[in-house]
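Listing of final20.pdb, PDB, C-alpha atoms, pLDDT in the B column
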```pdb
MODEL        1
ATOM      1  CA  MET W   1      45.826-137.134 122.299  1.00 50.00           C
ATOM      2  CA  SER W   2      42.769-136.297 124.437  1.00 57.00           C
ATOM      3  CA  PHE W   3      39.372-135.692 122.848  1.00 60.00           C
ATOM      4  CA  ALA W   4      38.768-132.664 125.096  1.00 72.00           C
ATOM      5  CA  LEU W   5      40.793-129.979 123.304  1.00 74.00           C
ATOM      6  CA  PRO W   6      39.472-130.482 119.740  1.00 72.00           C
ATOM      7  CA  VAL W   7      35.912-130.835 121.080  1.00 78.00           C
ATOM      8  CA  ILE W   8      36.202-127.534 122.979  1.00 81.00           C
ATOM      9  CA  VAL W   9      37.616-125.794 119.885  1.00 78.00           C
ATOM     10  CA  ILE W  10      34.808-127.231 117.738  1.00 82.00           C
ATOM     11  CA  ILE W  11      32.155-125.967 120.138  1.00 85.00           C
ATOM     12  CA  LEU W  12      33.688-122.463 120.399  1.00 84.00           C
ATOM     13  CA  SER W  13      34.384-122.143 116.679  1.00 78.00           C
ATOM     14  CA  GLY W  14      30.887-123.447 115.931  1.00 81.00           C
ATOM     15  CA  ILE W  15      29.349-120.766 118.180  1.00 90.00           C
ATOM     16  CA  ILE W  16      31.563-118.047 116.682  1.00 87.00           C
ATOM     17  CA  THR W  17      30.716-119.228 113.150  1.00 84.00           C
ATOM     18  CA  LEU W  18      27.030-119.012 113.925  1.00 86.00           C
ATOM     19  CA  ILE W  19      27.332-115.586 115.553  1.00 88.00           C
ATOM     20  CA  THR W  20      29.468-114.094 112.756  1.00 86.00           C
ATOM     21  CA  ILE W  21      27.161-115.254 109.957  1.00 86.00           C
ATOM     22  CA  ILE W  22      24.138-113.871 111.807  1.00 87.00           C
ATOM     23  CA  MET W  23      25.872-110.528 112.428  1.00 85.00           C
ATOM     24  CA  ALA W  24      27.065-110.375 108.802  1.00 79.00           C
ATOM     25  CA  ILE W  25      23.516-110.929 107.563  1.00 87.00           C
ATOM     26  CA  ILE W  26      22.144-108.251 109.920  1.00 87.00           C
ATOM     27  CA  ALA W  27      24.859-105.746 108.940  1.00 81.00           C
ATOM     28  CA  LEU W  28      24.348-106.288 105.205  1.00 83.00           C
ATOM     29  CA  ALA W  29      20.573-106.101 105.623  1.00 83.00           C
ATOM     30  CA  ASN W  30      20.951-102.704 107.336  1.00 84.00           C
ATOM     31  CA  GLY W  31      23.208-101.404 104.576  1.00 83.00           C
ATOM     32  CA  LYS W  32      26.351-101.523 106.705  1.00 82.00           C
ATOM     33  CA  THR W  33      28.522-103.123 104.042  1.00 83.00           C
ATOM     34  CA  ARG W  34      31.855-102.503 105.747  1.00 83.00           C
ATOM     35  CA  ASN W  35      30.684-104.088 108.984  1.00 81.00           C
ATOM     36  CA  GLY W  36      29.099-106.921 107.017  1.00 79.00           C
ATOM     37  CA  ILE W  37      32.391-107.656 105.254  1.00 85.00           C
ATOM     38  CA  ILE W  38      34.245-107.677 108.600  1.00 87.00           C
ATOM     39  CA  TRP W  39      31.725-110.133 110.056  1.00 83.00           C
ATOM     40  CA  LEU W  40      31.981-112.291 106.900  1.00 85.00           C
ATOM     41  CA  VAL W  41      35.775-112.421 107.256  1.00 86.00           C
ATOM     42  CA  GLY W  42      35.305-113.465 110.886  1.00 83.00           C
ATOM     43  CA  PHE W  43      32.759-116.052 109.715  1.00 83.00           C
ATOM     44  CA  PHE W  44      35.195-117.614 107.206  1.00 85.00           C
ATOM     45  CA  ILE W  45      38.032-117.643 109.764  1.00 88.00           C
ATOM     46  CA  ALA W  46      35.766-119.342 112.333  1.00 81.00           C
ATOM     47  CA  LEU W  47      34.522-121.777 109.660  1.00 85.00           C
ATOM     48  CA  VAL W  48      38.089-122.734 108.714  1.00 85.00           C
ATOM     49  CA  ILE W  49      38.954-123.281 112.390  1.00 85.00           C
ATOM     50  CA  LEU W  50      35.779-125.375 112.793  1.00 81.00           C
ATOM     51  CA  ILE W  51      36.617-127.559 109.781  1.00 87.00           C
ATOM     52  CA  LEU W  52      40.237-128.033 110.873  1.00 84.00           C
ATOM     53  CA  SER W  53      39.089-128.906 114.393  1.00 80.00           C
ATOM     54  CA  ILE W  54      36.657-131.518 113.044  1.00 86.00           C
ATOM     55  CA  ILE W  55      39.449-133.024 110.914  1.00 85.00           C
ATOM     56  CA  LYS W  56      41.730-133.055 113.964  1.00 81.00           C
ATOM     57  CA  LEU W  57      39.054-134.750 116.082  1.00 78.00           C
ATOM     58  CA  ILE W  58      38.559-137.432 113.418  1.00 85.00           C
ATOM     59  CA  GLY W  59      42.323-138.005 113.430  1.00 80.00           C
ATOM     60  CA  VAL W  60      42.386-138.313 117.238  1.00 76.00           C
ATOM     61  CA  ILE W  61      39.473-140.780 117.142  1.00 81.00           C
ATOM     62  CA  GLY W  62      41.219-142.857 114.467  1.00 79.00           C
ATOM     63  CA  GLU W  63      44.467-142.822 116.422  1.00 76.00           C
ATOM     64  CA  ASN W  64      42.735-143.981 119.603  1.00 73.00           C
ATOM     65  CA  VAL W  65      40.798-146.687 117.761  1.00 74.00           C
ATOM     66  CA  LYS W  66      44.044-147.979 116.221  1.00 70.00           C
ATOM     67  CA  THR W  67      45.724-147.921 119.639  1.00 67.00           C
ATOM     68  CA  GLY W  68      42.785-149.840 121.102  1.00 66.00           C
ATOM     69  CA  ILE W  69      42.905-152.446 118.346  1.00 69.00           C
ATOM     70  CA  ASP W  70      46.673-152.856 118.753  1.00 60.00           C
ATOM     71  CA  TRP W  71      46.238-153.240 122.513  1.00 55.00           C
ATOM     72  CA  ALA W  72      43.472-155.798 122.048  1.00 58.00           C
ATOM     73  CA  LYS W  73      45.599-157.818 119.635  1.00 57.00           C
ATOM     74  CA  LYS W  74      48.577-157.652 121.988  1.00 51.00           C
ATOM     75  CA  TYR W  75      46.410-158.679 124.957  1.00 46.00           C
ATOM     76  CA  GLU W  76      44.853-161.514 122.988  1.00 50.00           C
ATOM     77  CA  LYS W  77      48.275-162.725 121.870  1.00 48.00           C
ATOM     78  CA  ASN W  78      49.659-162.531 125.403  1.00 47.00           C
ATOM     79  CA  TYR W  79      46.595-164.276 126.818  1.00 41.00           C
ATOM     80  CA  GLU W  80      46.837-167.093 124.306  1.00 45.00           C
ATOM     81  CA  TYR W  81      50.563-167.408 124.926  1.00 40.00           C
ATOM     82  CA  ASN W  82      50.149-167.469 128.690  1.00 42.00           C
ATOM     83  CA  TYR W  83      47.264-169.917 128.470  1.00 42.00           C
ATOM     84  CA  ASP W  84      49.141-172.271 126.201  1.00 49.00           C
ATOM     85  CA  SER W  85      52.236-171.735 128.277  1.00 50.00           C
ATOM     86  CA  GLY W  86      50.285-172.838 131.330  1.00 52.00           C
ATOM     87  CA  ASN W  87      49.119-175.992 129.547  1.00 79.00           C
ATOM     88  CA  SER W  88      52.645-176.589 128.329  1.00 85.00           C
ATOM     89  CA  GLU W  89      53.814-176.468 131.927  1.00 88.00           C
ATOM     90  CA  GLU W  90      51.128-179.003 132.890  1.00 89.00           C
ATOM     91  CA  ARG W  91      52.248-181.316 130.108  1.00 91.00           C
ATOM     92  CA  THR W  92      55.942-180.883 130.903  1.00 92.00           C
ATOM     93  CA  TYR W  93      55.336-181.576 134.593  1.00 92.00           C
ATOM     94  CA  PHE W  94      53.497-184.828 133.854  1.00 94.00           C
ATOM     95  CA  ILE W  95      56.134-185.890 131.320  1.00 94.00           C
ATOM     96  CA  ASP W  96      58.801-185.313 133.983  1.00 94.00           C
ATOM     97  CA  THR W  97      56.776-187.513 136.330  1.00 94.00           C
ATOM     98  CA  LEU W  98      56.613-190.267 133.719  1.00 95.00           C
ATOM     99  CA  VAL W  99      60.360-190.085 133.109  1.00 94.00           C
ATOM    100  CA  LYS W 100      60.927-190.293 136.858  1.00 93.00           C
ATOM    101  CA  TYR W 101      58.787-193.429 137.184  1.00 93.00           C
ATOM    102  CA  THR W 102      60.129-195.222 134.102  1.00 94.00           C
ATOM    103  CA  ASN W 103      61.664-198.528 135.155  1.00 91.00           C
ATOM    104  CA  GLU W 104      65.460-198.416 135.305  1.00 90.00           C
ATOM    105  CA  SER W 105      65.642-201.654 133.339  1.00 90.00           C
ATOM    106  CA  LEU W 106      64.367-199.709 130.289  1.00 90.00           C
ATOM    107  CA  GLU W 107      67.146-197.121 130.397  1.00 84.00           C
ATOM    108  CA  GLY W 108      68.487-196.534 126.900  1.00 87.00           C
ATOM    109  CA  LYS W 109      65.503-198.250 125.254  1.00 91.00           C
ATOM    110  CA  VAL W 110      63.039-195.344 125.290  1.00 92.00           C
ATOM    111  CA  PRO W 111      62.711-193.661 121.855  1.00 92.00           C
ATOM    112  CA  ALA W 112      63.819-190.027 121.858  1.00 87.00           C
ATOM    113  CA  ASN W 113      60.352-188.660 121.026  1.00 89.00           C
ATOM    114  CA  PHE W 114      58.314-190.982 123.270  1.00 93.00           C
ATOM    115  CA  TYR W 115      58.127-188.566 126.207  1.00 93.00           C
ATOM    116  CA  SER W 116      57.013-185.445 124.395  1.00 91.00           C
ATOM    117  CA  PRO W 117      54.890-182.632 125.870  1.00 91.00           C
ATOM    118  CA  LYS W 118      53.612-181.598 122.428  1.00 91.00           C
ATOM    119  CA  MET W 119      49.877-181.234 121.842  1.00 89.00           C
ATOM    120  CA  ILE W 120      48.080-184.273 120.405  1.00 89.00           C
ATOM    121  CA  GLU W 121      45.138-184.131 118.021  1.00 88.00           C
ATOM    122  CA  LYS W 122      42.106-186.330 118.604  1.00 88.00           C
ATOM    123  CA  ASP W 123      40.901-188.496 115.734  1.00 89.00           C
ATOM    124  CA  GLU W 124      37.410-188.649 114.228  1.00 89.00           C
ATOM    125  CA  ASN W 125      36.284-190.984 117.034  1.00 88.00           C
ATOM    126  CA  GLY W 126      37.432-188.577 119.747  1.00 89.00           C
ATOM    127  CA  ASP W 127      40.467-190.717 120.679  1.00 92.00           C
ATOM    128  CA  MET W 128      43.809-189.254 121.724  1.00 92.00           C
ATOM    129  CA  VAL W 129      46.884-191.463 122.195  1.00 93.00           C
ATOM    130  CA  LEU W 130      48.656-189.888 125.173  1.00 95.00           C
ATOM    131  CA  PRO W 131      52.082-190.759 126.587  1.00 95.00           C
ATOM    132  CA  PHE W 132      52.335-193.068 129.599  1.00 96.00           C
ATOM    133  CA  LEU W 133      55.175-195.127 131.078  1.00 96.00           C
ATOM    134  CA  PHE W 134      57.214-196.658 128.255  1.00 95.00           C
ATOM    135  CA  PRO W 135      56.296-198.771 126.366  1.00 93.00           C
ATOM    136  CA  TYR W 136      52.656-198.030 127.253  1.00 95.00           C
ATOM    137  CA  SER W 137      50.370-195.214 126.136  1.00 95.00           C
ATOM    138  CA  ILE W 138      46.862-194.199 127.121  1.00 95.00           C
ATOM    139  CA  LYS W 139      44.270-194.228 124.361  1.00 94.00           C
ATOM    140  CA  TYR W 140      41.833-191.726 125.855  1.00 95.00           C
ATOM    141  CA  ASN W 141      38.340-191.139 124.477  1.00 94.00           C
ATOM    142  CA  THR W 142      37.131-187.558 124.880  1.00 92.00           C
ATOM    143  CA  ASN W 143      33.497-188.654 124.563  1.00 91.00           C
ATOM    144  CA  SER W 144      33.399-191.417 127.202  1.00 91.00           C
ATOM    145  CA  TYR W 145      36.183-189.970 129.449  1.00 93.00           C
ATOM    146  CA  VAL W 146      37.843-193.374 129.846  1.00 95.00           C
ATOM    147  CA  GLY W 147      41.001-194.774 128.303  1.00 95.00           C
ATOM    148  CA  ASP W 148      42.803-197.986 127.453  1.00 95.00           C
ATOM    149  CA  ILE W 149      46.370-198.840 128.437  1.00 95.00           C
ATOM    150  CA  VAL W 150      47.927-199.788 125.107  1.00 94.00           C
ATOM    151  CA  VAL W 151      51.203-200.400 123.342  1.00 91.00           C
ATOM    152  CA  SER W 152      50.795-198.169 120.307  1.00 72.00           C
ATOM    153  CA  ASP W 153      53.248-199.767 117.893  1.00 66.00           C
ATOM    154  CA  LYS W 154      51.728-203.208 118.550  1.00 66.00           C
ATOM    155  CA  ASP W 155      48.133-201.903 118.430  1.00 67.00           C
ATOM    156  CA  SER W 156      47.273-203.945 121.511  1.00 80.00           C
ATOM    157  CA  ALA W 157      45.163-202.994 124.560  1.00 87.00           C
ATOM    158  CA  PHE W 158      46.167-204.458 127.921  1.00 91.00           C
ATOM    159  CA  VAL W 159      43.596-202.746 130.151  1.00 93.00           C
ATOM    160  CA  LYS W 160      40.358-201.193 128.898  1.00 93.00           C
ATOM    161  CA  ASN W 161      38.022-198.481 130.180  1.00 94.00           C
ATOM    162  CA  VAL W 162      40.278-196.948 132.827  1.00 96.00           C
ATOM    163  CA  SER W 163      38.571-193.985 134.494  1.00 96.00           C
ATOM    164  CA  GLN W 164      40.953-193.434 137.435  1.00 96.00           C
ATOM    165  CA  MET W 165      44.467-194.624 138.130  1.00 96.00           C
ATOM    166  CA  ALA W 166      47.694-194.232 140.077  1.00 96.00           C
ATOM    167  CA  PHE W 167      51.066-195.848 139.371  1.00 96.00           C
ATOM    168  CA  ASP W 168      54.640-196.533 140.375  1.00 95.00           C
ATOM    169  CA  GLN W 169      57.552-197.942 138.357  1.00 94.00           C
ATOM    170  CA  ASN W 170      56.047-201.410 138.034  1.00 95.00           C
ATOM    171  CA  PHE W 171      52.316-201.300 138.689  1.00 96.00           C
ATOM    172  CA  VAL W 172      49.137-199.427 137.857  1.00 97.00           C
ATOM    173  CA  ILE W 173      46.151-199.484 140.191  1.00 97.00           C
ATOM    174  CA  ALA W 174      42.980-198.529 138.369  1.00 96.00           C
ATOM    175  CA  LYS W 175      39.255-198.074 138.599  1.00 96.00           C
ATOM    176  CA  ILE W 176      37.513-199.494 135.541  1.00 95.00           C
ATOM    177  CA  ASP W 177      34.257-198.071 134.187  1.00 94.00           C
ATOM    178  CA  ASN W 178      32.613-200.547 131.803  1.00 90.00           C
ATOM    179  CA  SER W 179      29.205-198.849 131.915  1.00 90.00           C
ATOM    180  CA  GLN W 180      29.554-197.459 128.384  1.00 86.00           C
ATOM    181  CA  SER W 181      31.170-200.568 126.884  1.00 86.00           C
ATOM    182  CA  THR W 182      28.597-202.929 125.365  1.00 83.00           C
ATOM    183  CA  GLU W 183      31.425-205.299 124.449  1.00 84.00           C
ATOM    184  CA  MET W 184      32.651-205.682 128.036  1.00 84.00           C
ATOM    185  CA  LEU W 185      29.154-205.924 129.506  1.00 86.00           C
ATOM    186  CA  LYS W 186      28.255-208.699 127.052  1.00 85.00           C
ATOM    187  CA  LYS W 187      31.320-210.591 128.266  1.00 84.00           C
ATOM    188  CA  GLY W 188      29.925-210.437 131.796  1.00 83.00           C
ATOM    189  CA  ALA W 189      32.223-207.702 133.133  1.00 83.00           C
ATOM    190  CA  PRO W 190      30.737-205.582 135.943  1.00 86.00           C
ATOM    191  CA  GLU W 191      29.994-201.928 135.297  1.00 89.00           C
ATOM    192  CA  VAL W 192      32.652-200.912 137.850  1.00 93.00           C
ATOM    193  CA  GLU W 193      35.693-202.933 138.901  1.00 93.00           C
ATOM    194  CA  TYR W 194      39.234-202.424 140.170  1.00 96.00           C
ATOM    195  CA  LEU W 195      42.500-203.972 139.047  1.00 95.00           C
ATOM    196  CA  LEU W 196      46.230-203.962 139.476  1.00 96.00           C
ATOM    197  CA  PHE W 197      48.220-204.037 136.243  1.00 96.00           C
ATOM    198  CA  ASP W 198      51.798-205.327 136.247  1.00 95.00           C
ATOM    199  CA  MET W 199      53.605-203.338 133.547  1.00 95.00           C
ATOM    200  CA  ARG W 200      56.600-205.681 133.604  1.00 93.00           C
ATOM    201  CA  THR W 201      54.625-208.745 132.539  1.00 93.00           C
ATOM    202  CA  GLY W 202      51.459-207.269 131.009  1.00 91.00           C
ATOM    203  CA  ASN W 203      49.326-209.265 133.448  1.00 93.00           C
ATOM    204  CA  PHE W 204      46.622-207.867 135.709  1.00 91.00           C
ATOM    205  CA  GLU W 205      44.629-208.929 138.736  1.00 91.00           C
ATOM    206  CA  ASN W 206      40.991-207.933 139.246  1.00 91.00           C
ATOM    207  CA  ALA W 207      39.542-206.805 142.570  1.00 92.00           C
ATOM    208  CA  PRO W 208      35.804-206.500 143.358  1.00 90.00           C
ATOM    209  CA  ASN W 209      36.201-203.276 145.349  1.00 92.00           C
ATOM    210  CA  PHE W 210      38.683-200.591 146.346  1.00 93.00           C
ATOM    211  CA  GLU W 211      39.532-202.180 149.706  1.00 94.00           C
ATOM    212  CA  LYS W 212      40.491-205.480 148.069  1.00 94.00           C
ATOM    213  CA  LEU W 213      42.569-203.599 145.516  1.00 95.00           C
ATOM    214  CA  MET W 214      44.472-201.789 148.275  1.00 94.00           C
ATOM    215  CA  ASP W 215      45.087-205.069 150.082  1.00 93.00           C
ATOM    216  CA  PHE W 216      46.380-206.705 146.927  1.00 92.00           C
ATOM    217  CA  ALA W 217      48.545-203.675 146.057  1.00 93.00           C
ATOM    218  CA  ASP W 218      50.105-203.726 149.517  1.00 93.00           C
ATOM    219  CA  ARG W 219      50.886-207.431 149.354  1.00 93.00           C
ATOM    220  CA  ILE W 220      52.405-207.286 145.870  1.00 93.00           C
ATOM    221  CA  GLY W 221      54.731-204.370 146.715  1.00 93.00           C
ATOM    222  CA  TYR W 222      53.029-201.389 145.076  1.00 95.00           C
ATOM    223  CA  THR W 223      54.720-198.197 146.346  1.00 94.00           C
ATOM    224  CA  GLY W 224      52.879-195.438 144.465  1.00 93.00           C
ATOM    225  CA  SER W 225      50.070-193.135 145.550  1.00 92.00           C
ATOM    226  CA  LEU W 226      46.922-194.769 146.910  1.00 92.00           C
ATOM    227  CA  GLN W 227      44.883-191.819 145.635  1.00 93.00           C
ATOM    228  CA  MET W 228      43.684-192.632 142.133  1.00 94.00           C
ATOM    229  CA  ASP W 229      43.080-189.600 139.912  1.00 95.00           C
ATOM    230  CA  TYR W 230      40.808-189.357 136.896  1.00 96.00           C
ATOM    231  CA  LEU W 231      42.593-189.581 133.558  1.00 95.00           C
ATOM    232  CA  SER W 232      41.314-186.089 132.788  1.00 92.00           C
ATOM    233  CA  GLY W 233      43.300-184.920 135.830  1.00 92.00           C
ATOM    234  CA  HIS W 234      46.510-186.694 134.881  1.00 94.00           C
ATOM    235  CA  TYR W 235      46.280-185.377 131.300  1.00 94.00           C
ATOM    236  CA  ARG W 236      44.798-181.957 132.047  1.00 91.00           C
ATOM    237  CA  GLY W 237      47.574-180.229 130.077  1.00 91.00           C
ATOM    238  CA  TRP W 238      46.449-181.968 126.905  1.00 93.00           C
ATOM    239  CA  LEU W 239      42.706-182.164 127.495  1.00 88.00           C
ATOM    240  CA  ASP W 240      42.083-178.615 128.732  1.00 76.00           C
ATOM    241  CA  SER W 241      43.675-177.236 125.561  1.00 58.00           C
ATOM    242  CA  ASP W 242      41.647-179.619 123.465  1.00 47.00           C
ATOM    243  CA  TYR W 243      38.309-178.673 125.007  1.00 42.00           C
ATOM    244  CA  ASP W 244      38.911-174.951 125.185  1.00 39.00           C
TER     245      ASP W 244
ENDMDL
END
```
Render the structure in this file as structure tokens.
Amino acid sequence: MSFALPVIVIILSGIITLITIIMAIIALANGKTRNGIIWLVGFFIALVILILSIIKLIGVIGENVKTGIDWAKKYEKNYEYNYDSGNSEERTYFIDTLVKYTNESLEGKVPANFYSPKMIEKDENGDMVLPFLFPYSIKYNTNSYVGDIVVSDKDSAFVKNVSQMAFDQNFVIAKIDNSQSTEMLKKGAPEVEYLLFDMRTGNFENAPNFEKLMDFADRIGYTGSLQMDYLSGHYRGWLDSDYD
């Protein structure tokens, strides 16, 4: 209900209440008892209308506040659903891509829950183990923004500190960022390097720059995209939800 009607009634009844009490006082003061009683009756009627109007206005305010709260809750719920739904679509799309690029020789060997679009919690170190092409996963660190290509059940890392990558059924081409890895730098690894990882054998070949990597990828038969994306782009459906 609109606020207008009860507010108008309150104003009018308030004015009438004030007028009737003043007139009743004047009439009684002048000895006009009958007129005074009539004005007092009018005063009480106006007062009752005023009180009822105030109660009605309070009810209208409460009703509108409740409606607003219900709307806000519904909007918040819908927003959260749509937002998560959007991330779910991102995750599902990437999972479909992984399934598409899984090597045919592994058909029937992939565990039922390996390619799952479910959300993944990060551990106390900021690591999230994210699905990649079976049997590999990406152990991504949300603090350093790089990840390792690992086989989770064997707890082994094949390629460390991947910042960008692209892949096909058999190979991964990657840009490696060792700048935050004291361990790798102590071993003499450059801060930035490129490599091609053969997922069939677990072996990899280093390249000093992007051009050499592209040349090597072409010669070895890599057929995937030559545009390497950041891991945060590949796994946006998981990471955006995590950060927000």
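With atom CA of Pro131 of chain W on one side and atom CA of Leu196 of chain W on the other, the separation reads 19.4 Å.
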* Would you work out the distance separating atom CA of Ser181 of chain W from atom CA of Arg91 of chain W, expressed in Å to one decimal? => 28.7 Å
* Asked: Written as a ChimeraX atom specification, what is the full residue list that the PyMOL selection byres ((chain W and resi 145) around 10) yields on the file shown?
  -> /W:126-127,140-144,146-147,161-164,177,230-232
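Residue nearest Val41 of chain W, chosen from W:Val159, W:Ile173, W:Met23, W:Pro208 and counting all atoms listed in the file: W:Met23.
With atom CA of Gly224 of chain W on one side and atom CA of Met165 of chain W on the other, the separation reads 10.6 Å.
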* To do: Could you tell me which of W:Ile25, W:Val151, W:Leu18, W:Met214 comes closest to Met228 of chain W if we count all atoms listed in the file?
  => W:Met214
* Asked: Once the PyMOL selection byres ((chain W and resi 105-116) around 10) has been applied to the shown file, what residues remain in the selection, as a ChimeraX atom specification?
  -> /W:91-92,94-96,98-99,102-104,117-120,130-137,200
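When the PyMOL selection byres ((chain W and resi 156) around 12) is evaluated against the file, it yields Pro135, Tyr136, Ser137, Ile138, Lys139, Asp148, Ile149, Val150, Val151, Ser152, Asp153, Lys154, Asp155, Ala157, Phe158, Val159, Lys160 and Gly202 of chain W.
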Can you sort out the box for segment 136-150 of chain W, edges along x, y and z, all listed atoms in, 5 Å on every side, with centre and edge lengths in Å to one decimal, as JSON?
```
{"center_x": 43.0, "center_y": -193.7, "center_z": 127.1, "size_x": 29.3, "size_y": 22.2, "size_z": 15.5}
```
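Distances here use all atoms listed in the file; by that measure, the residue among W:Leu185, W:Leu226, W:Ala166, W:Ile11 closest to Phe197 of chain W is W:Ala166.
In this comparison, which uses all atoms listed in the file, the residue of W:Ile220, W:Ile37, W:Ala4, W:Val48 approaching Thr17 of chain W most closely is W:Val48.
Shortest atom-to-atom contact with Leu40 of chain W among W:Leu213, W:Ile54, W:Ile26, W:Ile61: W:Ile26, counting only C-alpha atoms.
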